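Here's protein_16.txt, which has compact mmCIF, C-alpha atoms:
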```
# COMPACT_ATOMS: atom_id res chain seq x y z
CA MET A 165 108.26 141.38 106.53
CA ARG A 166 111.36 139.73 107.95
CA ARG A 167 111.49 135.97 108.24
CA ARG A 168 110.42 134.60 111.60
CA ALA A 169 112.28 132.07 113.69
CA HIS A 170 109.09 130.05 114.15
CA ARG A 171 109.14 129.06 110.50
CA THR A 172 112.15 126.82 111.09
CA ALA A 173 110.04 124.12 112.67
CA LEU A 174 106.98 124.75 110.59
CA THR A 175 108.89 123.95 107.43
CA ALA A 176 107.68 120.43 108.21
CA LEU A 177 104.04 121.45 108.19
CA LEU A 178 104.42 123.47 105.03
CA LEU A 179 105.89 120.50 103.22
CA ALA A 180 103.20 118.26 104.62
CA ALA A 181 100.54 120.53 103.16
CA GLY A 182 101.93 119.80 99.71
CA ALA A 183 101.88 116.08 100.40
CA THR A 184 98.27 116.31 101.52
CA ALA A 185 97.26 117.92 98.25
CA CYS A 186 98.99 115.19 96.27
CA LEU A 187 97.53 112.28 98.18
CA THR A 188 93.94 113.42 98.19
CA GLY A 189 93.31 113.80 94.49
CA CYS A 190 95.11 117.15 94.24
CA ARG A 191 92.73 118.79 96.71
CA SER A 192 93.96 122.02 98.22
CA GLY A 193 95.36 121.73 101.75
CA GLN A 194 97.01 124.32 103.93
CA ASP A 195 98.18 124.24 107.52
CA ASP A 196 97.58 127.27 109.68
CA THR A 197 100.88 128.50 111.05
CA SER A 198 101.83 131.29 113.36
CA SER A 199 104.82 133.53 113.31
CA GLY A 200 107.73 133.33 115.67
CA ASP A 201 110.16 135.18 117.87
CA THR A 202 111.35 138.53 116.53
CA THR A 203 114.77 138.39 118.14
CA ARG A 204 117.55 139.06 115.64
CA PRO A 205 120.32 136.44 115.42
CA ALA A 206 123.70 137.23 116.96
CA GLU A 207 127.06 136.69 115.26
CA SER A 208 128.03 133.05 114.83
CA THR A 209 129.36 131.49 118.00
CA ALA A 210 127.97 127.95 117.57
CA SER A 211 130.31 125.21 118.71
CA ALA A 212 130.66 121.65 117.44
CA ALA A 213 129.03 118.55 118.95
CA SER A 214 128.23 118.29 122.64
CA ALA A 215 129.55 115.66 125.01
CA GLU A 216 127.15 116.59 127.78
CA SER A 217 123.43 117.29 128.14
CA ALA A 218 122.32 120.44 129.94
CA SER A 219 118.79 121.38 130.95
CA ALA A 220 117.48 124.82 130.04
CA SER A 221 115.28 127.12 132.10
CA PRO A 222 111.94 128.02 130.46
CA SER A 223 112.11 131.55 131.84
CA ALA A 224 112.38 134.61 129.62
CA SER A 225 116.01 135.21 130.55
CA THR A 226 118.78 133.64 128.48
CA PRO A 227 120.13 130.52 130.21
CA THR A 228 123.80 130.28 131.08
CA PRO A 229 125.09 127.24 129.16
CA THR A 230 128.06 125.11 130.14
CA PRO A 231 131.27 125.77 128.18
CA THR A 232 130.85 122.54 126.16
CA GLU A 233 127.16 123.05 125.37
CA PRO A 234 126.24 123.66 121.71
CA PHE A 235 125.32 127.16 120.58
CA THR A 236 126.95 128.80 123.58
CA GLY A 237 125.58 132.29 124.23
CA LEU A 238 122.65 132.04 121.80
CA THR A 239 118.98 132.22 122.73
CA GLY A 240 116.49 129.69 121.43
CA ALA A 241 115.18 132.20 118.91
CA GLN A 242 118.68 132.88 117.58
CA ILE A 243 119.40 129.16 117.15
CA SER A 244 116.06 128.72 115.40
CA GLU A 245 116.83 131.58 113.04
CA ARG A 246 120.17 129.99 112.14
CA ALA A 247 118.51 126.66 111.50
CA LEU A 248 116.00 128.40 109.24
CA LYS A 249 118.77 130.02 107.23
CA ALA A 250 120.78 126.81 106.83
CA THR A 251 117.75 124.71 105.93
CA THR A 252 116.35 127.13 103.35
CA GLN A 253 119.75 127.27 101.63
CA ALA A 254 119.95 123.49 101.16
CA ARG A 255 120.26 122.20 97.58
CA SER A 256 118.40 118.99 98.40
CA LEU A 257 116.90 117.11 101.34
CA ARG A 258 114.86 114.08 102.29
CA MET A 259 111.82 114.22 104.55
CA SER A 260 110.12 111.24 106.13
CA GLY A 261 107.46 110.71 108.77
CA THR A 262 103.76 111.11 109.39
CA VAL A 263 101.45 114.11 109.27
CA PRO A 264 97.67 114.52 109.67
CA ASP A 265 95.31 114.85 106.73
CA GLU A 266 92.71 117.43 107.72
CA GLU A 267 90.15 116.39 105.12
CA SER A 268 90.03 112.66 105.86
CA GLY A 269 91.00 112.89 109.52
CA GLY A 270 93.61 110.23 108.85
CA THR A 271 97.37 110.09 108.66
CA ILE A 272 99.71 110.59 105.72
CA LYS A 273 103.03 108.77 105.64
CA ILE A 274 105.72 110.26 103.42
CA ASP A 275 109.32 109.51 102.51
CA ILE A 276 110.47 111.86 99.76
CA ALA A 277 113.83 113.19 98.56
CA LEU A 278 113.74 116.36 96.45
CA ASP A 279 116.13 118.97 95.07
CA ARG A 280 116.21 122.45 93.59
CA ARG A 281 116.18 121.14 90.02
CA GLY A 282 112.65 119.95 90.64
CA ASP A 283 113.54 116.26 90.73
CA CYS A 284 112.15 114.02 93.45
CA ALA A 285 111.74 110.36 94.38
CA GLY A 286 109.96 108.58 97.19
CA THR A 287 106.74 107.10 98.49
CA MET A 288 103.44 108.32 99.93
CA GLY A 289 100.62 106.52 101.70
CA MET A 290 97.43 107.43 103.51
CA ASN A 291 95.79 105.86 106.56
CA GLY A 292 97.79 102.68 106.08
CA GLN A 293 95.77 102.02 102.92
CA GLY A 294 98.41 101.25 100.35
CA GLU A 295 101.25 103.23 98.87
CA ALA A 296 102.18 105.26 95.80
CA GLU A 297 105.70 105.59 94.44
CA LEU A 298 106.69 108.90 92.88
CA ILE A 299 109.57 109.94 90.63
CA LYS A 300 109.97 113.24 88.83
CA THR A 301 112.96 113.71 86.60
CA GLY A 302 113.21 116.53 84.10
CA ASP A 303 109.80 117.23 82.59
CA THR A 304 108.34 113.80 83.28
CA LEU A 305 106.38 112.58 86.31
CA TYR A 306 106.31 108.84 87.03
CA LEU A 307 103.79 107.23 89.41
CA LYS A 308 103.16 103.66 90.53
CA TYR A 309 100.22 102.77 92.78
CA ASP A 310 99.59 99.52 94.60
CA GLU A 311 96.12 97.96 94.58
CA ARG A 312 95.21 99.00 98.12
CA PHE A 313 95.98 102.63 97.36
CA LEU A 314 93.88 102.64 94.19
CA ARG A 315 90.92 101.02 95.90
CA ALA A 316 91.08 103.43 98.83
CA GLN A 317 91.23 106.47 96.55
CA SER A 318 88.36 105.11 94.43
CA LYS A 319 86.00 104.66 97.38
CA GLY A 320 82.49 105.70 96.38
CA GLU A 321 83.09 105.17 92.67
CA PRO A 322 81.16 102.53 90.68
CA GLN A 323 82.60 99.06 91.26
CA ALA A 324 83.17 98.49 87.55
CA ASP A 325 85.20 101.69 87.28
CA THR A 326 87.30 100.76 90.30
CA GLU A 327 88.06 97.29 88.95
CA ALA A 328 89.03 98.74 85.57
CA LEU A 329 91.35 101.24 87.22
CA VAL A 330 92.99 98.60 89.41
CA SER A 331 93.43 96.27 86.43
CA LEU A 332 95.08 98.99 84.40
CA LEU A 333 97.30 100.69 86.97
CA ALA A 334 98.05 98.51 90.00
CA GLY A 335 101.75 97.78 90.35
CA ARG A 336 102.56 99.43 87.03
CA TRP A 337 104.69 102.47 86.37
CA THR A 338 102.91 105.28 84.59
CA LYS A 339 104.19 108.55 83.22
CA MET A 340 102.82 111.92 82.20
CA SER A 341 104.12 115.37 81.39
CA ALA A 342 104.98 117.20 84.60
CA GLY A 343 103.53 120.37 83.09
CA GLY A 344 100.17 118.80 82.27
CA ALA A 345 96.96 119.66 84.08
CA ASP A 346 96.73 116.25 85.79
CA ALA A 347 100.33 116.38 87.06
CA LYS A 348 100.86 120.06 87.75
CA GLU A 349 100.06 120.11 91.46
CA MET A 350 101.93 116.92 92.31
CA ALA A 351 104.92 117.97 90.22
CA GLY A 352 104.88 121.28 92.08
CA PHE A 353 105.39 119.36 95.30
CA CYS A 354 108.84 118.46 93.95
CA ASP A 355 109.79 122.13 93.73
CA LEU A 356 112.21 122.52 96.63
CA ASP A 357 112.82 126.18 95.77
CA LYS A 358 109.15 126.99 96.27
CA LEU A 359 108.78 124.90 99.42
CA LEU A 360 111.79 126.45 101.12
CA GLU A 361 110.77 129.93 99.98
CA ASP A 362 107.38 129.43 101.61
CA ALA A 363 109.07 128.14 104.75
CA GLY A 364 111.08 131.34 105.03
CA ASP A 365 108.15 133.73 104.76
CA SER A 366 105.50 134.61 107.31
CA ASN A 367 102.65 137.11 107.45
CA ASP A 368 101.39 136.25 110.92
CA ASP A 369 102.39 138.41 113.86
CA THR A 370 101.23 135.99 116.56
CA PRO A 371 104.13 135.77 119.03
CA THR A 372 105.77 132.40 119.58
CA THR A 373 108.32 131.69 122.29
CA VAL A 374 111.38 129.65 121.37
CA THR A 375 113.37 128.24 124.30
CA ARG A 376 116.52 126.19 124.61
CA GLY A 377 116.38 122.52 125.49
CA LYS A 378 119.38 120.23 125.79
CA ALA A 379 121.97 118.38 123.75
CA THR A 380 120.82 115.03 122.35
CA THR A 381 121.08 112.90 119.21
CA VAL A 382 118.68 112.22 116.33
CA ASP A 383 119.34 108.88 114.65
CA GLY A 384 122.95 109.09 115.84
CA THR A 385 123.47 112.70 114.72
CA PRO A 386 124.42 115.20 117.46
CA ALA A 387 121.57 117.66 117.91
CA PHE A 388 120.18 120.37 120.15
CA THR A 389 116.56 120.56 121.28
CA LEU A 390 114.40 123.66 120.95
CA TYR A 391 110.83 124.15 122.18
CA GLU A 392 108.42 126.41 120.30
CA THR A 393 105.49 127.42 122.47
CA ASP A 394 102.40 128.91 120.84
CA GLY A 395 99.56 129.25 123.30
CA SER A 396 98.92 125.84 124.84
CA GLU A 397 100.89 124.01 122.16
CA ARG A 398 104.58 123.20 122.38
CA ASN A 399 106.37 121.84 119.34
CA THR A 400 109.79 120.23 119.60
CA VAL A 401 112.56 120.96 117.12
CA TYR A 402 115.94 119.28 116.78
CA VAL A 403 118.81 121.19 115.19
CA ALA A 404 122.13 119.71 114.04
CA THR A 405 125.16 120.76 116.09
CA GLU A 406 127.81 119.41 113.70
CA GLY A 407 128.37 121.15 110.40
CA LYS A 408 125.54 123.40 109.32
CA PRO A 409 122.67 123.82 111.83
CA TYR A 410 120.11 122.02 109.70
CA LEU A 411 116.65 121.15 110.95
CA LEU A 412 116.78 117.41 111.77
CA ARG A 413 113.35 116.68 113.17
CA PHE A 414 110.04 118.34 113.99
CA GLU A 415 107.51 116.90 116.45
CA SER A 416 104.12 118.55 116.67
CA GLY A 417 102.71 119.20 120.12
CA SER A 418 99.21 119.76 118.78
CA LYS A 419 96.49 117.27 119.69
CA GLN A 420 94.51 118.40 116.66
CA GLU A 421 97.46 118.12 114.26
CA PRO A 422 99.86 115.50 115.64
CA GLY A 423 102.76 114.24 113.59
CA ALA A 424 106.51 114.20 113.20
CA LEU A 425 108.90 114.60 110.28
CA SER A 426 112.60 113.89 110.04
CA PHE A 427 114.92 115.74 107.65
CA THR A 428 118.03 114.04 106.29
CA GLY A 429 120.03 113.80 103.07
CA TYR A 430 120.91 117.48 102.94
CA ASP A 431 122.79 118.39 99.73
CA GLU A 432 122.89 114.74 98.66
CA PRO A 433 121.94 113.57 95.14
CA VAL A 434 118.28 112.66 94.72
CA PRO A 435 117.83 109.14 93.23
CA ALA A 436 115.39 110.33 90.57
CA GLU A 437 115.92 107.99 87.62
CA SER A 438 113.39 106.95 85.01
CA PRO A 439 111.92 103.49 85.76
CA SER A 440 113.19 100.64 83.63
CA GLY A 441 110.90 98.32 81.72
CA GLU A 442 107.40 99.01 80.43
CA VAL A 443 105.88 102.35 81.43
CA LEU A 444 102.27 103.30 80.64
CA ASP A 445 102.00 106.74 79.00
CA LEU A 446 98.90 108.30 80.53
CA ASP A 447 99.08 111.33 78.26
CA GLY A 448 98.34 108.98 75.38
CA LEU A 449 95.17 107.59 76.95
CA ASP A 450 92.11 109.69 76.12
CA GLY A 451 89.80 110.18 79.07
CA MET A 452 92.06 108.36 81.52
CA SER A 453 92.98 110.13 84.77
CA THR A 454 94.85 108.88 87.85
```
Entire entry expressed as structure tokens:
Amino acid sequence: MRRRAHRTALTALLLAAGATACLTGCRSGQDDTSSGDTTRPAESTASAASAESASASPSASTPTPTPTEPFTGLTGAQISERALKATTQARSLRMSGTVPDEESGGTIKIDIALDRRGDCAGTMGMNGQGEAELIKTGDTLYLKYDERFLRAQSKGEPQADTEALVSLLAGRWTKMSAGGADAKEMAGFCDLDKLLEDAGDSNDDTPTTVTRGKATTVDGTPAFTLYETDGSERNTVYVATEGKPYLLRFESGSKQEPGALSFTGYDEPVPAESPSGEVLDLDGLDGMST
């Protein structure tokens, strides 16, 4: 089945699903997504940055943009398809923001840079209860948890076990083989190839309407707004208008699954370097699991 335009925005939710699995003890987590507009993209006629903002009509007909408006002559679905293509061809990117965790009902905060070599570096936190730092370089996965994170993740465990875990791991870099059973799922989260491949595929034929918005900026970067309407939900997508039409930001319109993610650092080196100083080798500790 051909890739759908709707998947451009839902790249954010797909990536968030991986983060959810990592932060909740490698539990499985998937976001339900629907497919998008089936309109085929036209030949490239996208212009550079916009100096003006122009409102778009939500009607089914293609709006008539001003001469200086970005993506002149393209429908919302065509712009979305171009953003999907550019984003899924990126060699690296950084994503940051908040997404819901379905299992706990809380919120996950992520700030991760990752590339196609499988390297990544960043931080993750859940419900404002501490933070974990993550680095994967080559075949090694490094993790450092703060005390609040360890205590939150150990809730319900015997107090003695929790205290032992905090004493051993809090504020200390650990390492393990990225191919090991304990690290496999989290290390897989650093696989940009797989994440972007998933973002480009869809098996759901539920129609989604993509409409044009207006020219704006996202953290100072010229952008164009798109609205993806699926039933009563309307997600907002921001696409770069300078250079490649990368996805810059996704804002969920769902009350059940609120959240927003920003995408930056496209094709930039990922700062995935092995931590300096003492590092605890978890693979050498019998019976120890993070």
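Residues lying within 7 Å of stretch 325-340 of chain A, counting all atoms listed in the file and ignoring same-chain neighbours fewer than 3 positions away, are A:Thr304, A:Leu305, A:Tyr306, A:Leu307, A:Lys308, A:Tyr309, A:Asp310, A:Glu311, A:Leu314, A:Arg315, A:Ser318, A:Glu321, A:Pro322, A:Val443, A:Leu444, A:Asp445, A:Leu446, A:Asp447.
Distance check against A:Gly407 using all atoms listed in the file: of A:Glu266, A:Asp346, A:Thr372, A:Ala247, the minimum falls on A:Ala247.
The gap separating atom CA of A:Thr271 from atom CA of A:Asp383 is 22.8 Å, in Å to one decimal.
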Exercise for the section: Identify, on the basis of all atoms listed in the file, every residue whose closest approach to A:Leu425 does not exceed 7 Å; exclude the query and any residue fewer than 4 positions from it along the same chain; express the result as a PyMOL selection string. Expected result: chain A and resi 176+259-262+413-415
Problem - Answer as a ChimeraX atom specification, residues within 7 Å of (117.9, 126.3, 114.1) using all atoms listed in the file - result: /A:172,243-248,403,409-411
Exercise for the section: Could you give me, as an MDAnalysis selection string, the residues that sit within 12 Å of (123.1, 112.3, 93.1) in the file's coordinates, counting only C-alpha atoms? Expected result: chainID A and resid 255:257 277:279 281 283:285 429:437
Handout entry: Separation of atom CA of A:Glu442 from atom CA of A:Glu349 in Å
Key = 24.9 Å
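Each of A:Ala324, A:Ala296, A:Leu238, A:Leu359 was compared to A:Arg376 using all atoms listed in the file, and A:Leu238 turns out to be the nearest.
Among the candidate residues A:Val374, A:Cys354, A:Ile272, A:Ala241, the one lying nearest to A:Gln293 is A:Ile272, with distances computed using all atoms listed in the file.
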Practice task
Would you work out the distance separating atom CA of A:Phe388 from atom CA of A:Pro264, expressed in Å to one decimal?
Solution key: 25.5 Å
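Among the candidate residues A:Ala424, A:Ala254, A:Ile274, A:Ala379, the one lying nearest to A:Thr405 is A:Ala379, with distances computed using only C-alpha atoms.
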As AutoDock Vina command-line options, please: the centre and edge lengths in Å, to one decimal, of an axis-aligned box enclosing every listed atom of stretch 287-297 of chain A with 6 Å added on each side.
```
--center_x 101.3 --center_y 104.8 --center_z 100.5 --size_x 23.0 --size_y 19.1 --size_z 24.1
```
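For the set A:Leu356, A:Ala316, A:Val263, A:Asp303, the residue with the smallest atom-to-atom gap to A:Lys419 is A:Val263, counting only C-alpha atoms.
Proximity ranking of A:Ala342, A:Val401, A:Ile276, A:Ala387 relative to A:Gly240 places A:Val401 first, based on only C-alpha atoms.
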